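Next comes coords.tsv, a file with TSV, C-alpha atoms.
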```tsv
chain	number	residue	atom	x	y	z
A	1	MET	CA	-3.52	-19.31	16.77
A	2	THR	CA	-0.51	-17.36	15.44
A	3	GLU	CA	-1.02	-13.61	15.26
A	4	ILE	CA	-0.83	-12.21	11.73
A	5	ARG	CA	0.65	-8.74	11.42
A	6	LEU	CA	-0.10	-6.44	8.51
A	7	ILE	CA	2.13	-3.78	6.97
A	8	ALA	CA	0.44	-1.02	5.00
A	9	GLU	CA	3.16	0.03	2.56
A	10	ILE	CA	2.36	3.69	2.00
A	11	GLY	CA	5.85	4.09	0.54
A	12	TRP	CA	5.90	7.14	-1.71
A	13	ASN	CA	2.14	7.15	-2.42
A	14	HIS	CA	1.90	10.44	-0.51
A	15	MET	CA	4.14	12.11	-3.14
A	16	GLY	CA	5.66	14.34	-0.47
A	17	ASN	CA	2.31	15.56	0.88
A	18	ILE	CA	2.41	15.01	4.66
A	19	GLU	CA	-1.29	15.79	5.06
A	20	LEU	CA	-2.09	13.07	2.54
A	21	ALA	CA	0.31	10.72	4.33
A	22	GLU	CA	-1.57	11.39	7.57
A	23	LYS	CA	-4.87	10.44	5.92
A	24	MET	CA	-3.26	7.21	4.72
A	25	ILE	CA	-1.90	6.43	8.18
A	26	LYS	CA	-5.32	6.92	9.75
A	27	ALA	CA	-6.98	4.78	7.07
A	28	ALA	CA	-4.37	2.04	7.56
A	29	LYS	CA	-4.98	1.98	11.29
A	30	LYS	CA	-8.74	1.91	10.85
A	31	SER	CA	-8.37	-0.95	8.38
A	32	GLY	CA	-6.39	-3.11	10.80
A	33	ALA	CA	-2.76	-2.51	9.84
A	34	ASP	CA	-0.10	-3.00	12.50
A	35	TYR	CA	2.51	-0.94	10.64
A	36	ALA	CA	2.42	2.11	8.39
A	37	LYS	CA	5.54	1.88	6.25
A	38	PHE	CA	7.45	4.54	4.36
A	39	GLN	CA	10.78	4.64	2.50
A	40	THR	CA	14.07	6.26	3.48
A	41	TRP	CA	16.30	7.44	0.64
A	42	ARG	CA	17.75	10.61	-0.86
A	43	VAL	CA	17.78	11.48	-4.54
A	44	LYS	CA	21.37	12.69	-4.31
A	45	ASN	CA	22.46	9.13	-3.54
A	46	LEU	CA	20.78	7.64	-6.60
A	47	LYS	CA	23.11	6.27	-9.24
A	48	ALA	CA	22.31	6.59	-12.92
A	49	GLY	CA	19.77	4.01	-14.08
A	50	PRO	CA	16.53	3.31	-15.95
A	51	TRP	CA	14.68	5.58	-13.49
A	52	ASP	CA	16.31	8.51	-15.32
A	53	GLN	CA	14.32	7.68	-18.48
A	54	ASP	CA	11.03	6.28	-17.16
A	55	GLY	CA	9.99	9.19	-14.93
A	56	ARG	CA	10.85	7.65	-11.60
A	57	ARG	CA	13.56	10.17	-10.74
A	58	GLU	CA	10.99	12.97	-10.88
A	59	ILE	CA	8.73	10.97	-8.57
A	60	TYR	CA	11.65	10.40	-6.21
A	61	LYS	CA	12.27	14.14	-6.08
A	62	LYS	CA	8.66	14.90	-5.17
A	63	ALA	CA	8.32	12.08	-2.65
A	64	GLU	CA	11.67	12.44	-0.85
A	65	LEU	CA	11.17	12.88	2.90
A	66	SER	CA	13.28	15.08	5.15
A	67	LYS	CA	14.36	14.39	8.72
A	68	ASP	CA	11.60	16.71	9.89
A	69	ASP	CA	9.06	14.86	7.73
A	70	PHE	CA	10.02	11.57	9.36
A	71	SER	CA	9.57	13.14	12.80
A	72	LYS	CA	6.08	14.29	11.85
A	73	LEU	CA	5.09	10.91	10.42
A	74	ASN	CA	6.42	9.07	13.45
A	75	LYS	CA	4.40	11.34	15.76
A	76	ILE	CA	1.27	10.84	13.67
A	77	CYS	CA	1.73	7.08	13.90
A	78	LYS	CA	2.20	7.21	17.66
A	79	PHE	CA	-0.90	9.37	18.07
A	80	ASN	CA	-2.93	6.92	16.00
A	81	LYS	CA	-1.43	3.89	17.80
A	82	ILE	CA	0.10	2.26	14.74
A	83	ASN	CA	3.76	1.29	14.41
A	84	PHE	CA	5.95	3.46	12.21
A	85	LEU	CA	8.16	1.48	9.83
A	86	THR	CA	10.46	2.39	6.98
A	87	SER	CA	12.61	0.72	4.35
A	88	LEU	CA	16.27	1.73	4.36
A	89	PHE	CA	18.13	1.73	1.05
A	90	ASN	CA	21.49	3.15	2.08
A	91	HIS	CA	23.34	3.13	5.39
A	92	ASN	CA	24.32	6.78	4.83
A	93	ASP	CA	20.63	7.74	4.88
A	94	TYR	CA	20.23	6.40	8.40
A	95	GLU	CA	20.89	9.92	9.68
A	96	LEU	CA	17.38	10.85	8.47
A	97	ILE	CA	15.78	8.45	10.98
A	98	ASN	CA	18.38	7.91	13.72
A	99	HIS	CA	16.58	10.34	16.04
A	100	LEU	CA	13.47	8.15	15.94
A	101	LYS	CA	15.29	5.37	17.81
A	102	LEU	CA	13.48	2.67	15.86
A	103	LYS	CA	13.90	-0.97	16.86
A	104	THR	CA	12.58	-2.45	13.60
A	105	ILE	CA	13.68	-1.84	10.00
A	106	LYS	CA	12.81	-3.15	6.54
A	107	ILE	CA	15.47	-3.99	3.96
A	108	PRO	CA	13.97	-3.84	0.44
A	109	SER	CA	14.73	-6.44	-2.21
A	110	PRO	CA	17.21	-4.29	-4.21
A	111	GLU	CA	19.43	-4.15	-1.12
A	112	ASN	CA	19.08	-7.69	0.23
A	113	ARG	CA	22.67	-8.49	-0.83
A	114	ASN	CA	24.15	-5.18	0.35
A	115	LYS	CA	26.67	-6.45	2.91
A	116	LYS	CA	27.57	-2.99	4.16
A	117	LEU	CA	23.92	-2.11	4.79
A	118	LEU	CA	23.12	-5.47	6.40
A	119	SER	CA	26.12	-5.27	8.72
A	120	PHE	CA	25.07	-1.75	9.63
A	121	VAL	CA	21.43	-2.53	10.46
A	122	LYS	CA	22.49	-5.55	12.52
A	123	LYS	CA	24.14	-3.10	14.92
A	124	LYS	CA	21.29	-0.60	14.98
A	125	PHE	CA	18.05	-2.64	15.04
A	126	LYS	CA	16.65	-5.57	17.01
A	127	LYS	CA	14.21	-6.75	14.34
A	128	ILE	CA	14.83	-6.86	10.58
A	129	PHE	CA	12.29	-7.54	7.82
A	130	LEU	CA	14.30	-8.73	4.82
A	131	SER	CA	12.63	-8.83	1.40
A	132	THR	CA	13.94	-11.64	-0.79
A	133	GLY	CA	13.01	-10.55	-4.33
A	134	ALA	CA	15.52	-10.86	-7.18
A	135	ALA	CA	17.87	-13.04	-5.12
A	136	SER	CA	18.63	-16.75	-5.12
A	137	ILE	CA	18.09	-18.94	-2.06
A	138	LYS	CA	21.87	-19.22	-1.74
A	139	GLU	CA	22.22	-15.42	-1.73
A	140	ILE	CA	19.43	-15.01	0.82
A	141	ASN	CA	21.05	-17.61	3.05
A	142	LYS	CA	24.30	-15.63	2.99
A	143	SER	CA	22.49	-12.40	3.82
A	144	PHE	CA	20.56	-14.08	6.62
A	145	ASN	CA	23.79	-15.37	8.16
A	146	LEU	CA	25.08	-11.79	8.31
A	147	ILE	CA	22.17	-10.65	10.47
A	148	LYS	CA	20.85	-13.83	12.12
A	149	LYS	CA	21.82	-12.64	15.60
A	150	ARG	CA	18.81	-10.33	15.32
A	151	GLN	CA	15.19	-11.38	14.87
A	152	VAL	CA	14.90	-11.69	11.10
A	153	PHE	CA	11.73	-12.15	9.07
A	154	LEU	CA	12.41	-13.39	5.56
A	155	MET	CA	9.75	-11.90	3.31
A	156	HIS	CA	8.95	-13.76	0.12
A	157	CYS	CA	8.79	-11.28	-2.73
A	158	VAL	CA	8.60	-11.26	-6.52
A	159	SER	CA	10.19	-8.05	-7.76
A	160	SER	CA	7.54	-7.19	-10.32
A	161	TYR	CA	5.52	-3.98	-9.92
A	162	PRO	CA	2.72	-4.87	-10.16
A	163	CYS	CA	2.77	-8.65	-10.06
A	164	GLU	CA	0.09	-11.00	-11.33
A	165	ASP	CA	-1.19	-13.67	-8.95
A	166	LYS	CA	-0.05	-16.42	-11.33
A	167	ASN	CA	3.56	-15.26	-10.89
A	168	VAL	CA	3.68	-14.99	-7.09
A	169	ASN	CA	5.34	-18.42	-6.70
A	170	LEU	CA	4.29	-19.08	-3.11
A	171	LYS	CA	6.05	-22.46	-3.11
A	172	ARG	CA	9.34	-20.61	-2.75
A	173	ILE	CA	8.33	-19.90	0.86
A	174	ASN	CA	9.05	-23.57	1.58
A	175	GLU	CA	12.70	-22.90	0.68
A	176	LEU	CA	12.81	-19.85	2.95
A	177	LYS	CA	11.51	-22.03	5.81
A	178	LYS	CA	14.79	-23.91	5.71
A	179	ILE	CA	16.60	-20.67	6.56
A	180	SER	CA	14.32	-18.91	9.06
A	181	LYS	CA	11.27	-19.79	11.14
A	182	ASN	CA	10.02	-16.22	10.85
A	183	LEU	CA	8.31	-15.75	7.49
A	184	GLY	CA	6.48	-12.98	5.70
A	185	ILE	CA	5.39	-11.89	2.24
A	186	SER	CA	5.77	-8.59	0.43
A	187	ASP	CA	3.00	-8.89	-2.14
A	188	HIS	CA	2.69	-6.57	-5.15
A	189	THR	CA	-0.52	-7.92	-6.67
A	190	TYR	CA	-3.67	-5.87	-7.21
A	191	ASP	CA	-5.73	-8.00	-4.83
A	192	ILE	CA	-5.41	-9.92	-1.55
A	193	PHE	CA	-5.76	-13.44	-2.96
A	194	SER	CA	-2.05	-14.34	-2.83
A	195	ALA	CA	-1.68	-12.80	0.62
A	196	ILE	CA	-4.48	-15.00	1.92
A	197	MET	CA	-3.03	-18.09	0.25
A	198	SER	CA	0.37	-17.39	1.80
A	199	LEU	CA	-1.06	-18.06	5.25
A	200	SER	CA	-1.15	-21.78	4.52
A	201	PHE	CA	2.65	-21.65	4.04
A	202	GLY	CA	3.22	-20.34	7.57
A	203	VAL	CA	3.49	-16.64	6.83
A	204	THR	CA	2.81	-14.39	9.84
A	205	LEU	CA	3.74	-11.00	8.34
A	206	ILE	CA	2.03	-9.55	5.27
A	207	GLU	CA	3.00	-6.37	3.46
A	208	LYS	CA	0.70	-4.81	0.87
A	209	HIS	CA	1.02	-1.53	-1.01
A	210	PHE	CA	-1.71	0.69	0.40
A	211	THR	CA	-3.55	3.82	-0.72
A	212	ILE	CA	-6.82	5.63	-0.16
A	213	ASP	CA	-7.36	6.36	-3.86
A	214	ASN	CA	-6.05	4.43	-6.86
A	215	GLY	CA	-6.42	7.59	-8.95
A	216	LEU	CA	-3.79	9.55	-7.03
A	217	PRO	CA	-0.58	10.46	-8.90
A	218	GLY	CA	2.43	8.21	-8.58
A	219	ARG	CA	3.08	4.75	-10.01
A	220	ASP	CA	2.34	2.64	-6.91
A	221	ASN	CA	-1.08	4.14	-6.14
A	222	LYS	CA	-2.45	2.40	-9.22
A	223	PHE	CA	-1.91	-1.14	-7.91
A	224	ALA	CA	-2.09	-0.54	-4.15
A	225	ILE	CA	-5.01	-2.03	-2.24
A	226	LEU	CA	-7.70	0.17	-0.71
A	227	PRO	CA	-8.84	0.34	2.94
A	228	LYS	CA	-11.78	-2.03	2.35
A	229	GLN	CA	-9.40	-4.67	0.95
A	230	LEU	CA	-6.96	-4.31	3.83
A	231	LEU	CA	-9.84	-4.65	6.28
A	232	GLU	CA	-11.02	-7.77	4.45
A	233	LEU	CA	-7.51	-9.21	4.79
A	234	ARG	CA	-7.47	-8.37	8.50
A	235	ASN	CA	-10.84	-10.02	9.05
A	236	TYR	CA	-10.03	-13.14	7.05
```
Could I get this structure in the form of structure tokens?
Amino acid sequence: MTEIRLIAEIGWNHMGNIELAEKMIKAAKKSGADYAKFQTWRVKNLKAGPWDQDGRREIYKKAELSKDDFSKLNKICKFNKINFLTSLFNHNDYELINHLKLKTIKIPSPENRNKKLLSFVKKKFKKIFLSTGAASIKEINKSFNLIKKRQVFLMHCVSSYPCEDKNVNLKRINELKKISKNLGISDHTYDIFSAIMSLSFGVTLIEKHFTIDNGLPGRDNKFAILPKQLLELRNY
């Protein structure tokens, strides 16, 4: 039987609080996650956009992690025997994590057509998780060809936050199969139903937004799954 690996996407749910992030890492490990994932970006590199009007820029400011923060989180993950993982949004921000000597990286959907970033990560990492939201199959095929010399997992994703189960469109995974044999899903629904259903399409990597309290501040905490749901997914 194929091993299913789970990514607990802590992302910015910690809101810059490393002690809270540590609690989330421990809960993710206890609930069966293989990876605790964060996000690597700097507010100074953000271009003007809708996030300037909807409150996201203020969240970005609070949740931005420093090089020292990444060192702490990586050490916490190692101590708790869970893999540290992060999404990279800009090749210039690599300097925040280069000292960690990571072998695996996640490319988020907004950057899945960023040729400069893809060419960069191909040189720096052995394994790449590529989210496919907001891109056509033709575009994903082009991006895959840029990095195919590495082990690439194409992660089906619908770029809606949150996403309803009726809109997950799992059949699209069949199109991704024609590009790569390594398949995953980055699922933004409130529950684990779509994640479970994706297994029948050959998915072996599942990413879910994760928190320890849906009442915590920050947009993503509200639709992230809780430890008991992650454990249920692990035990399925």
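Near A:Ser143, within 8 Å and counting only C-alpha atoms, sit Asn112, Arg113, Lys115, Leu118, Glu139, Ile140, Leu146 and Ile147 of chain A, not including residues fewer than 3 positions from it in the same chain.
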Within 12 Å of file point (-6.2, -10.6, -5.1), counting only C-alpha atoms, expressed as a PyMOL selection string: chain A and resi 162-166+168+187-198+208+223-226+229-230+232-233
Find the residues near A:Lys61: any atom within 9 Å, counting only C-alpha atoms, skip ones fewer than 3 places away on the same chain, and give them as a PyMOL selection string. chain A and resi 15-16+42-43+56-58+64
Straight-line distance linking atom CA of A:Thr86 with atom CA of A:Phe125, stated in Å to one decimal: 12.2 Å
Once you count all atoms listed in the file, which residues end up no further than 10 Å from (1.4, -7.3, 12.8) in the file's frame, shown as a compact mmCIF listing (two decimals) with C-alpha atoms, in the frame of the given file?
```txt
# COMPACT_ATOMS: atom_id res chain seq x y z
CA GLU A 3 -1.02 -13.61 15.26
CA ILE A 4 -0.83 -12.21 11.73
CA ARG A 5 0.65 -8.74 11.42
CA LEU A 6 -0.10 -6.44 8.51
CA ILE A 7 2.13 -3.78 6.97
CA GLY A 32 -6.39 -3.11 10.80
CA ALA A 33 -2.76 -2.51 9.84
CA ASP A 34 -0.10 -3.00 12.50
CA TYR A 35 2.51 -0.94 10.64
CA ILE A 82 0.10 2.26 14.74
CA ASN A 83 3.76 1.29 14.41
CA THR A 204 2.81 -14.39 9.84
CA LEU A 205 3.74 -11.00 8.34
CA ILE A 206 2.03 -9.55 5.27
CA GLU A 207 3.00 -6.37 3.46
CA ARG A 234 -7.47 -8.37 8.50
```
As an exercise, work out the distance from atom CA of A:Ile25 to atom CA of A:Glu9 in Å and give it to one decimal place. 9.9 Å
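Distance-wise, atom CA of A:Val121 and atom CA of A:Phe89 end up 10.8 Å apart.
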Would you please take stretch 2-16 of chain A of the structure in the block above and write all heavy atoms to a file as a short mmCIF file (atom, residue, chain, number, x, y, z; two decimals), in the first residue's frame?
```cif
data_model
loop_
_atom_site.label_atom_id
_atom_site.label_comp_id
_atom_site.auth_asym_id
_atom_site.auth_seq_id
_atom_site.Cartn_x
_atom_site.Cartn_y
_atom_site.Cartn_z
N THR A 2 0.51 2.24 -0.84
CA THR A 2 1.28 3.47 -0.96
C THR A 2 1.16 4.31 0.31
O THR A 2 0.08 4.48 0.86
CB THR A 2 0.79 4.31 -2.15
OG1 THR A 2 0.86 3.52 -3.34
CG2 THR A 2 1.64 5.55 -2.32
N GLU A 3 2.28 4.81 0.77
CA GLU A 3 2.28 5.64 1.98
C GLU A 3 1.72 7.03 1.66
O GLU A 3 2.09 7.66 0.67
CB GLU A 3 3.70 5.80 2.52
CG GLU A 3 3.78 6.65 3.78
CD GLU A 3 5.21 6.88 4.23
OE1 GLU A 3 6.13 6.41 3.54
OE2 GLU A 3 5.39 7.53 5.27
N ILE A 4 0.79 7.47 2.48
CA ILE A 4 0.20 8.81 2.33
C ILE A 4 0.89 9.75 3.30
O ILE A 4 0.98 9.47 4.50
CB ILE A 4 -1.32 8.79 2.61
CG1 ILE A 4 -2.01 7.75 1.74
CG2 ILE A 4 -1.90 10.18 2.38
CD1 ILE A 4 -1.87 7.97 0.25
N ARG A 5 1.38 10.86 2.79
CA ARG A 5 2.04 11.84 3.65
C ARG A 5 1.16 13.08 3.82
O ARG A 5 0.52 13.52 2.85
CB ARG A 5 3.40 12.22 3.06
CG ARG A 5 4.46 11.14 3.25
CD ARG A 5 5.65 11.36 2.38
NE ARG A 5 5.29 11.26 0.97
CZ ARG A 5 6.10 11.63 -0.03
NH1 ARG A 5 7.27 12.17 0.23
NH2 ARG A 5 5.71 11.49 -1.28
N LEU A 6 1.15 13.59 5.03
CA LEU A 6 0.28 14.72 5.37
C LEU A 6 1.09 15.97 5.70
O LEU A 6 2.06 15.91 6.46
CB LEU A 6 -0.60 14.37 6.57
CG LEU A 6 -1.52 13.15 6.43
CD1 LEU A 6 -2.32 12.96 7.72
CD2 LEU A 6 -2.46 13.31 5.24
N ILE A 7 0.66 17.09 5.13
CA ILE A 7 1.26 18.39 5.42
C ILE A 7 0.28 19.21 6.26
O ILE A 7 -0.83 19.48 5.81
CB ILE A 7 1.59 19.16 4.13
CG1 ILE A 7 2.54 18.37 3.24
CG2 ILE A 7 2.18 20.53 4.47
CD1 ILE A 7 2.74 19.01 1.87
N ALA A 8 0.70 19.59 7.44
CA ALA A 8 -0.09 20.50 8.26
C ALA A 8 0.35 21.92 7.91
O ALA A 8 1.45 22.35 8.29
CB ALA A 8 0.12 20.22 9.74
N GLU A 9 -0.48 22.63 7.16
CA GLU A 9 -0.15 23.98 6.73
C GLU A 9 -0.48 24.97 7.85
O GLU A 9 -1.62 25.43 8.00
CB GLU A 9 -0.93 24.30 5.44
CG GLU A 9 -1.12 25.78 5.12
CD GLU A 9 0.14 26.52 4.74
OE1 GLU A 9 1.15 26.37 5.45
OE2 GLU A 9 0.11 27.26 3.77
N ILE A 10 0.52 25.23 8.67
CA ILE A 10 0.37 26.20 9.76
C ILE A 10 0.39 27.62 9.16
O ILE A 10 -0.32 28.51 9.63
CB ILE A 10 1.47 26.02 10.80
CG1 ILE A 10 1.32 24.64 11.47
CG2 ILE A 10 1.43 27.14 11.85
CD1 ILE A 10 2.47 24.26 12.38
N GLY A 11 1.20 27.76 8.10
CA GLY A 11 1.22 29.04 7.37
C GLY A 11 1.48 30.22 8.26
O GLY A 11 2.50 30.30 8.95
N TRP A 12 0.54 31.15 8.28
CA TRP A 12 0.67 32.34 9.14
C TRP A 12 -0.32 32.28 10.31
O TRP A 12 -0.58 33.31 10.94
CB TRP A 12 0.48 33.61 8.32
CG TRP A 12 -0.84 33.72 7.58
CD1 TRP A 12 -1.93 32.91 7.70
CD2 TRP A 12 -1.19 34.71 6.62
NE1 TRP A 12 -2.95 33.33 6.89
CE2 TRP A 12 -2.52 34.43 6.19
CE3 TRP A 12 -0.53 35.79 6.06
CZ2 TRP A 12 -3.18 35.21 5.24
CZ3 TRP A 12 -1.21 36.56 5.12
CH2 TRP A 12 -2.51 36.27 4.72
N ASN A 13 -0.86 31.11 10.61
CA ASN A 13 -1.83 30.98 11.70
C ASN A 13 -1.25 31.34 13.06
O ASN A 13 -1.98 31.61 14.01
CB ASN A 13 -2.41 29.56 11.74
CG ASN A 13 -3.41 29.32 10.61
OD1 ASN A 13 -3.92 30.26 10.02
ND2 ASN A 13 -3.68 28.05 10.33
N HIS A 14 0.05 31.35 13.17
CA HIS A 14 0.75 31.70 14.42
C HIS A 14 0.76 33.21 14.64
O HIS A 14 1.01 33.68 15.76
CB HIS A 14 2.18 31.20 14.38
CG HIS A 14 2.91 31.62 13.13
ND1 HIS A 14 3.45 32.87 12.96
CD2 HIS A 14 3.14 30.96 11.97
CE1 HIS A 14 4.00 32.96 11.77
NE2 HIS A 14 3.82 31.82 11.14
N MET A 15 0.54 33.97 13.58
CA MET A 15 0.52 35.45 13.63
C MET A 15 1.78 36.02 14.27
O MET A 15 1.75 37.00 15.02
CB MET A 15 -0.72 35.93 14.37
CG MET A 15 -2.02 35.66 13.63
SD MET A 15 -2.12 36.50 12.03
CE MET A 15 -2.29 38.20 12.56
N GLY A 16 2.92 35.38 13.98
CA GLY A 16 4.20 35.87 14.47
C GLY A 16 4.57 35.42 15.87
O GLY A 16 5.63 35.78 16.38
#
```
